[in-house]
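Report on the following structure.
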Amino acid sequence: MTRGPRVTRIDDLPVRDELRGKSPYGAPQLDVPVRLNTNENPYPLPEALVERIAERVREAARALNRYPDRDAVELRTELARYLTRTAGHEVAAANVWAANGSNEVIQQLLQTFGGPGRTAMGFEPSYSMHALISRGTGTGWISGPRREDFTIDVAAARHAIAEQRPDVVFITSPNNPTGTAVEADTVLALYDAAQAVKPTLVVVDEAYGEFSHHPSLLPLIEGRPTLVLSRTMSKAFGAAGLRLGYLAADPAVVDAVQLVRLPYHLSSVTQATALAALEHTDTLLGYVEQLKTERDRLVTELRAMGREVTDSDANFVQFGRFDDSHTAWQQILDQGVLVRDNGVPGWLRVTAGTPAENDAFLDAVREMTKEQSA
Ligand SMILES: *Cc1c(COP(=O)(O)O)cnc(C)c1O
């Protein structure tokens, strides 16, 4: 009798019960001409910035025998300056904390304020990593409601909070994958509803803040020590490969996450690269303006084709509706354009790319619409 090598699978290992049978986060990455599926910024960093990064990293390399600045003070100071200048509220380094992507910021927040015996709530469909990081930190996940048009129904959300008593509440604005912005009044209503039950951490995930028609929700942290704003350099700064996310909150929150962060979590190379990028903020925000124009064009042209489109404040657009979104996704892919099926029945999501990429996408949808009505 011949036997192949024995294959060990995850479930053969003594992994934690809540991880059994689960799949990791993974947007399918396919090798196609036009990839508009992960909300990346399509513009590579400008050459002058690439040079500046090389300079700053060379400097950092000379001190790589030492551990990095554990508290990333220079970087937090520059991030605070950036927020003060662009987000309508003055903050200092003591209000800001940085980590390897906002996903790590969220993980640190959940390690600090969630964990076993505690729960987190988000209003779905929303960013799937909130639920996944909750699971990874042993925090129970509660799916809160949204309206049919993907806005948050304040009365229903308040009811869910009062009933379920979460320890952490996520509000994503602009929301991913729908593009929907959340009004400041709504955030305040949910914040108050949560605090009325017990002191509750409310995390406003503003990963797409720079792309919004609405002002940042940053000013809401004033006088609210359990309200945290989370941001990233992955989208507006066109630096998804850098892995740099940050939060702004009361200094006590910054002190609290230091109880769980790994020592020296942010490498000297990461800090040097992020600092170089922050020196080029104006150029990078210029790309954001171009992307906003392209985003608005996608909305207008898709609607002109008779497609339904959710209002977008982000660098992507949710469009539909399809009887079978997976088939529609495949038909667009067959024409060389990769968009995202986030599992929201009837809808797909496209990231705003360069004008040429967006033209290719719009042509693909036009072609698909013809096929479907043929
Ligand atoms: C892309 C995204 C992030 C960014 O995560 P990073 O770890 O900073 O790359 C965070 N929140 C939302 C809602 C996102 O869509």
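Residues in the structure tokens are numbered from 1 in each chain, the chains being A, B, ... in the order shown, and ligands are numbered from 1 in the order shown.
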
- [ ] Collect all residues with atoms no farther than 6 Å from ligand 1, counting only C-alpha atoms and all ligand atoms, and output them as a PyMOL selection string.
- [x] chain A and resi 101-103+127+172+176+205+207+232+234+240+243-245

Excluding same-chain residues fewer than 4 positions from Val288 in chain A, what lies within 10 Å of it counting only C-alpha atoms, as an mmCIF file with C-alpha atoms, in the first residue's frame?
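Generated file (part_24.cif):
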data_model
loop_
_atom_site.group_PDB
_atom_site.id
_atom_site.type_symbol
_atom_site.label_atom_id
_atom_site.label_comp_id
_atom_site.auth_asym_id
_atom_site.auth_seq_id
_atom_site.Cartn_x
_atom_site.Cartn_y
_atom_site.Cartn_z
ATOM 1 C CA ASN A 41 -3.732 54.609 -4.327
ATOM 2 C CA TYR A 43 -0.100 56.729 -8.025
ATOM 3 C CA GLU A 210 -8.918 62.618 3.319
ATOM 4 C CA PHE A 211 -11.237 61.599 0.463
ATOM 5 C CA LYS A 235 -4.757 55.215 1.317
ATOM 6 C CA ALA A 236 -4.386 59.011 1.040
ATOM 7 C CA PHE A 237 -0.590 58.923 1.366
ATOM 8 C CA GLY A 238 -0.315 56.196 -1.247
ATOM 9 C CA ASP A 282 1.151 68.685 -0.112
ATOM 10 C CA THR A 283 2.140 66.707 -3.217
ATOM 11 C CA LEU A 284 0.410 63.584 -1.897
ATOM 12 C CA LYS A 292 -11.718 62.555 -5.661
ATOM 13 C CA THR A 293 -12.448 63.955 -9.115
ATOM 14 C CA GLU A 294 -12.099 60.475 -10.634
ATOM 15 C CA ASN A 315 -11.547 56.438 -2.920
#

Task: Best match for closeness to Arg295 in chain A among A:Gly223, A:Pro263, A:Pro345, A:Gly179, counting only C-alpha atoms - done: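 Under the stated criterion, the closest residue is A:Gly179.
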
TODO: Assign secondary structure with DSSP using the backbone only, and return the residues of range 16-118 of chain A in alpha helix (DSSP H) as a PyMOL selection string.
DONE: chain A and resi 47-61+73-86+101-113

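Considering the residues A:Arg66, A:Ala274, A:Val337, A:Gly117 and counting only C-alpha atoms, Ala360 in chain A has its shortest atom-to-atom contact with A:Val337.
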
Task: Sel. of strand (DSSP E or B) residues, range 203-353 of chain A, as a PyMOL selection string - done: chain A and resi 203-205+227-232+245-248+308-309+316-320+337-338+340+347-351

Task: Closest of A:Thr112, A:Asn95, A:Asn37, A:Ser134 to Pro225 in chain A - atom-to-atom distances counting only C-alpha atoms - done: A:Asn95

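Counting only C-alpha atoms, the residue from A:Val350, A:Leu291, A:Ala249, A:Ala196 that sits nearest to Ala93 in chain A is A:Ala249.
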
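Comparing A:Val32, A:Ala189, A:Val228, A:Val197 by their smallest distance to Asp153 in chain A, the closest is A:Ala189 (using only C-alpha atoms).
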
9 Å contact set for Asn100 in chain A, only C-alpha atoms, chain neighbours under 5 positions out, as an mmCIF file with N, CA and C atoms, in the first residue's frame:
data_model
loop_
_atom_site.group_PDB
_atom_site.id
_atom_site.type_symbol
_atom_site.label_atom_id
_atom_site.label_comp_id
_atom_site.auth_asym_id
_atom_site.auth_seq_id
_atom_site.Cartn_x
_atom_site.Cartn_y
_atom_site.Cartn_z
ATOM 1 N N VAL A 105 -3.075 49.333 15.102
ATOM 2 C CA VAL A 105 -3.677 50.268 16.061
ATOM 3 C C VAL A 105 -4.964 49.649 16.632
ATOM 4 N N LEU A 242 4.025 50.741 3.242
ATOM 5 C CA LEU A 242 4.787 51.254 4.383
ATOM 6 C C LEU A 242 4.330 50.628 5.694
ATOM 7 N N ARG A 243 3.033 50.388 5.816
ATOM 8 C CA ARG A 243 2.399 49.895 7.049
ATOM 9 C C ARG A 243 2.522 50.929 8.166
ATOM 10 N N LEU A 244 1.749 52.014 8.038
ATOM 11 C CA LEU A 244 1.762 53.021 9.090
ATOM 12 C C LEU A 244 0.343 53.522 9.322
ATOM 13 N N GLY A 245 -0.155 53.234 10.514
ATOM 14 C CA GLY A 245 -1.463 53.734 10.925
ATOM 15 C C GLY A 245 -1.294 54.502 12.224
ATOM 16 N N TYR A 246 -2.287 55.303 12.579
ATOM 17 C CA TYR A 246 -2.154 56.084 13.810
ATOM 18 C C TYR A 246 -3.516 56.405 14.379
ATOM 19 N N HIS A 265 7.866 48.247 18.629
ATOM 20 C CA HIS A 265 7.030 47.665 17.571
ATOM 21 C C HIS A 265 7.220 48.376 16.232
ATOM 22 N N LEU A 266 7.631 49.654 16.265
ATOM 23 C CA LEU A 266 7.715 50.432 15.022
ATOM 24 C C LEU A 266 9.191 50.610 14.658
ATOM 25 N N SER A 267 9.623 49.937 13.593
ATOM 26 C CA SER A 267 11.057 49.912 13.279
ATOM 27 C C SER A 267 11.582 51.300 12.925
ATOM 28 N N THR A 270 10.742 52.113 9.349
ATOM 29 C CA THR A 270 9.354 52.563 9.184
ATOM 30 C C THR A 270 9.207 54.019 9.620
#

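Distance annotation: of A:Ala98, A:Val7, A:Val182, A:Ile133, the residue with the minimal separation from Ser230 in chain A is A:Ala98; atom set is only C-alpha atoms.
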
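Relative to CA of Gln258 in chain A, CA of Arg118 in chain A is found at 19.7 Å.
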
TODO: Excluding Pro215 in chain A and residues on its chain fewer than 4 positions from it, collect all residues at most 12 Å away from it, counting only C-alpha atoms, and give them as a PyMOL selection string.
DONE: chain A and resi 83+86-89+173-174+181-184+206+208-211+219-220+313

Write out, as a short mmCIF file (atom, residue, chain, number, x, y, z; two decimals), in the first residue's frame, the residues just selected, with N, CA, C and O atoms.
data_model
loop_
_atom_site.label_atom_id
_atom_site.label_comp_id
_atom_site.auth_asym_id
_atom_site.auth_seq_id
_atom_site.Cartn_x
_atom_site.Cartn_y
_atom_site.Cartn_z
N LEU A 83 -2.37 66.42 11.39
CA LEU A 83 -3.80 66.43 11.76
C LEU A 83 -4.26 67.84 12.09
O LEU A 83 -5.35 68.27 11.68
N THR A 86 -4.79 69.72 8.87
CA THR A 86 -5.74 69.26 7.86
C THR A 86 -7.09 68.78 8.41
O THR A 86 -8.02 68.59 7.65
N ALA A 87 -7.17 68.54 9.72
CA ALA A 87 -8.39 67.90 10.23
C ALA A 87 -9.19 68.77 11.19
O ALA A 87 -10.09 68.30 11.88
N GLY A 88 -8.86 70.07 11.23
CA GLY A 88 -9.74 71.02 11.92
C GLY A 88 -9.71 70.97 13.43
O GLY A 88 -10.68 71.39 14.07
N HIS A 89 -8.63 70.48 14.02
CA HIS A 89 -8.57 70.44 15.48
C HIS A 89 -7.12 70.32 15.90
O HIS A 89 -6.36 69.54 15.32
N SER A 173 -16.10 55.78 9.06
CA SER A 173 -16.57 56.90 8.25
C SER A 173 -15.42 57.57 7.54
O SER A 173 -14.48 58.03 8.20
N PRO A 174 -15.45 57.58 6.21
CA PRO A 174 -16.38 56.92 5.30
C PRO A 174 -16.28 55.39 5.46
O PRO A 174 -15.20 54.86 5.71
N ALA A 181 -20.45 58.15 4.32
CA ALA A 181 -19.94 58.95 5.44
C ALA A 181 -20.96 58.94 6.57
O ALA A 181 -22.15 58.77 6.35
N VAL A 182 -20.48 59.09 7.81
CA VAL A 182 -21.37 59.16 8.97
C VAL A 182 -21.32 60.59 9.50
O VAL A 182 -20.24 61.14 9.70
N GLU A 183 -22.50 61.18 9.72
CA GLU A 183 -22.56 62.55 10.21
C GLU A 183 -22.07 62.62 11.66
O GLU A 183 -22.25 61.67 12.44
N ALA A 184 -21.48 63.77 12.02
CA ALA A 184 -20.99 63.96 13.39
C ALA A 184 -22.13 63.75 14.41
O ALA A 184 -21.91 63.14 15.47
N GLU A 206 -11.35 56.33 10.41
CA GLU A 206 -11.40 57.33 9.34
C GLU A 206 -10.28 57.07 8.32
O GLU A 206 -9.58 58.00 7.88
N TYR A 208 -10.40 56.61 5.31
CA TYR A 208 -10.61 57.32 4.05
C TYR A 208 -10.93 58.79 4.27
O TYR A 208 -11.48 59.45 3.38
N GLY A 209 -10.63 59.30 5.45
CA GLY A 209 -11.01 60.67 5.82
C GLY A 209 -10.61 61.72 4.80
O GLY A 209 -11.38 62.64 4.51
N GLU A 210 -9.41 61.58 4.24
CA GLU A 210 -8.92 62.62 3.32
C GLU A 210 -9.73 62.69 2.04
O GLU A 210 -9.67 63.69 1.33
N PHE A 211 -10.48 61.62 1.72
CA PHE A 211 -11.24 61.60 0.46
C PHE A 211 -12.67 62.11 0.64
O PHE A 211 -13.43 62.17 -0.32
N PRO A 219 -12.40 66.68 15.65
CA PRO A 219 -12.75 67.58 16.77
C PRO A 219 -13.60 66.91 17.85
O PRO A 219 -13.62 67.37 18.99
N LEU A 220 -14.28 65.80 17.51
CA LEU A 220 -15.14 65.14 18.49
C LEU A 220 -14.37 64.53 19.65
O LEU A 220 -14.95 64.21 20.69
N ASP A 313 -17.85 58.81 -0.23
CA ASP A 313 -16.92 59.77 0.34
C ASP A 313 -15.52 59.19 0.42
O ASP A 313 -14.65 59.74 1.11
#

Task: Spatial neighbours of Asp324 in chain A, 8 Å, only C-alpha atoms, chain gap at least 2 places, as a PyMOL selection string - done: chain A and resi 322+326-328+345-346

Output N, CA, C and O atoms for every residue in the selection just made, as a PDB file, in the first residue's frame.
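Dumped everything to result-v2.pdb:
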ATOM      1  N   PHE A 322     -26.921  43.736  -8.842  1.00  0.00           N
ATOM      2  CA  PHE A 322     -26.836  42.560  -9.688  1.00  0.00           C
ATOM      3  C   PHE A 322     -27.617  41.421  -9.037  1.00  0.00           C
ATOM      4  O   PHE A 322     -27.580  41.276  -7.825  1.00  0.00           O
ATOM      5  N   HIS A 326     -21.517  37.727  -8.081  1.00  0.00           N
ATOM      6  CA  HIS A 326     -20.308  36.984  -8.433  1.00  0.00           C
ATOM      7  C   HIS A 326     -20.157  36.844  -9.949  1.00  0.00           C
ATOM      8  O   HIS A 326     -19.061  36.994 -10.490  1.00  0.00           O
ATOM      9  N   THR A 327     -21.273  36.606 -10.625  1.00  0.00           N
ATOM     10  CA  THR A 327     -21.233  36.513 -12.096  1.00  0.00           C
ATOM     11  C   THR A 327     -20.820  37.856 -12.694  1.00  0.00           C
ATOM     12  O   THR A 327     -19.996  37.919 -13.609  1.00  0.00           O
ATOM     13  N   ALA A 328     -21.371  38.940 -12.166  1.00  0.00           N
ATOM     14  CA  ALA A 328     -21.006  40.276 -12.660  1.00  0.00           C
ATOM     15  C   ALA A 328     -19.507  40.523 -12.445  1.00  0.00           C
ATOM     16  O   ALA A 328     -18.816  41.031 -13.328  1.00  0.00           O
ATOM     17  N   PRO A 345     -24.701  41.305  -0.842  1.00  0.00           N
ATOM     18  CA  PRO A 345     -25.513  40.755  -1.937  1.00  0.00           C
ATOM     19  C   PRO A 345     -25.980  41.856  -2.895  1.00  0.00           C
ATOM     20  O   PRO A 345     -26.566  42.843  -2.461  1.00  0.00           O
ATOM     21  N   GLY A 346     -25.681  41.670  -4.183  1.00  0.00           N
ATOM     22  CA  GLY A 346     -26.160  42.599  -5.208  1.00  0.00           C
ATOM     23  C   GLY A 346     -25.193  43.714  -5.550  1.00  0.00           C
ATOM     24  O   GLY A 346     -25.438  44.476  -6.482  1.00  0.00           O
TER      25      GLY A 346
END

Open item on the list: Which residues are close to Gly138 in chain A, i.e. within 10 Å by only C-alpha atoms, leaving aside same-chain residues fewer than 5 positions away? Reply as an NGL selection string.
Closed with: :A and (16 or 18-19 or 110-111 or 114-119 or 132-133)

Dump of N, CA and C atoms for the selected residues, as a JSON list (two decimals), in the first residue's frame:
[["chain", "number", "residue", "atom", "x", "y", "z"],
["A", 16, "ARG", "N", -6.74, 27.57, 19.01],
["A", 16, "ARG", "CA", -7.87, 28.00, 19.85],
["A", 16, "ARG", "C", -9.19, 27.67, 19.16],
["A", 18, "GLU", "N", -11.97, 29.16, 18.79],
["A", 18, "GLU", "CA", -12.65, 30.15, 17.95],
["A", 18, "GLU", "C", -11.98, 30.34, 16.60],
["A", 19, "LEU", "N", -10.79, 29.74, 16.39],
["A", 19, "LEU", "CA", -10.12, 29.85, 15.10],
["A", 19, "LEU", "C", -10.38, 28.64, 14.20],
["A", 110, "LEU", "N", -8.08, 46.81, 20.84],
["A", 110, "LEU", "CA", -8.89, 45.67, 21.28],
["A", 110, "LEU", "C", -8.19, 44.88, 22.38],
["A", 111, "GLN", "N", -6.86, 44.80, 22.31],
["A", 111, "GLN", "CA", -6.12, 44.12, 23.39],
["A", 111, "GLN", "C", -6.28, 44.89, 24.69],
["A", 114, "GLY", "N", -10.83, 45.47, 24.75],
["A", 114, "GLY", "CA", -11.68, 44.31, 24.51],
["A", 114, "GLY", "C", -11.09, 43.11, 25.22],
["A", 115, "GLY", "N", -11.06, 41.97, 24.51],
["A", 115, "GLY", "CA", -10.46, 40.77, 25.10],
["A", 115, "GLY", "C", -11.52, 39.81, 25.62],
["A", 116, "PRO", "N", -11.08, 38.68, 26.17],
["A", 116, "PRO", "CA", -12.00, 37.64, 26.63],
["A", 116, "PRO", "C", -13.05, 38.19, 27.59],
["A", 117, "GLY", "N", -14.28, 37.80, 27.37],
["A", 117, "GLY", "CA", -15.37, 38.25, 28.24],
["A", 117, "GLY", "C", -15.92, 39.60, 27.84],
["A", 118, "ARG", "N", -15.31, 40.22, 26.82],
["A", 118, "ARG", "CA", -15.79, 41.52, 26.37],
["A", 118, "ARG", "C", -16.26, 41.43, 24.91],
["A", 119, "THR", "N", -16.99, 42.45, 24.45],
["A", 119, "THR", "CA", -17.51, 42.42, 23.08],
["A", 119, "THR", "C", -17.26, 43.74, 22.36],
["A", 132, "LEU", "N", -12.53, 40.50, 12.40],
["A", 132, "LEU", "CA", -11.42, 39.52, 12.44],
["A", 132, "LEU", "C", -10.43, 39.82, 13.57],
["A", 133, "ILE", "N", -10.12, 41.09, 13.77],
["A", 133, "ILE", "CA", -9.18, 41.44, 14.84],
["A", 133, "ILE", "C", -9.85, 41.20, 16.20]]

Open item on the list: With only C-alpha atoms as the counted atoms, please give the residues lying no more than 12 Å from Leu227 in chain A, apart from itself and same-chain residues fewer than 2 positions off, as a VMD selection string.
Closed with: chain A and resid 95 109 168 to 171 187 to 188 190 to 192 194 to 195 199 to 205 217 to 225 229 to 230 247 to 254

With C-alpha atoms retained, export the selected residues as a CSV table (one decimal), in the first residue's frame.
chain,number,residue,atom,x,y,z
A,95,ASN,CA,-2.7,62.7,21.6
A,109,LEU,CA,-7.1,49.0,21.1
A,168,VAL,CA,-16.0,48.7,22.1
A,169,VAL,CA,-18.1,50.3,19.2
A,170,PHE,CA,-16.6,50.8,15.7
A,171,ILE,CA,-18.0,53.5,13.5
A,187,VAL,CA,-21.4,59.6,16.0
A,188,LEU,CA,-22.3,61.7,19.0
A,190,LEU,CA,-24.1,56.5,19.4
A,191,TYR,CA,-21.3,57.7,21.7
A,192,ASP,CA,-23.8,59.0,24.2
A,194,ALA,CA,-22.9,53.7,24.6
A,195,GLN,CA,-21.7,55.8,27.6
A,199,PRO,CA,-17.9,53.7,29.8
A,200,THR,CA,-17.3,52.4,26.3
A,201,LEU,CA,-14.5,52.9,23.8
A,202,VAL,CA,-15.9,54.3,20.5
A,203,VAL,CA,-13.4,53.9,17.6
A,204,VAL,CA,-14.1,56.1,14.6
A,205,ASP,CA,-12.2,54.5,11.7
A,217,LEU,CA,-14.5,63.8,12.9
A,218,LEU,CA,-11.3,64.6,14.8
A,219,PRO,CA,-12.7,67.6,16.8
A,220,LEU,CA,-15.1,65.1,18.5
A,221,ILE,CA,-12.3,63.7,20.6
A,222,GLU,CA,-12.3,67.0,22.6
A,223,GLY,CA,-13.7,66.3,26.1
A,224,ARG,CA,-14.5,62.7,25.2
A,225,PRO,CA,-11.7,60.5,26.6
A,229,LEU,CA,-10.0,58.5,15.8
A,230,SER,CA,-8.1,56.0,13.7
A,247,LEU,CA,-4.8,57.2,16.3
A,248,ALA,CA,-5.7,60.5,17.9
A,249,ALA,CA,-7.4,60.5,21.3
A,250,ASP,CA,-7.1,61.7,24.9
A,251,PRO,CA,-3.5,61.2,26.1
A,252,ALA,CA,-4.8,58.6,28.6
A,253,VAL,CA,-5.7,56.3,25.6
A,254,VAL,CA,-2.2,56.6,24.3
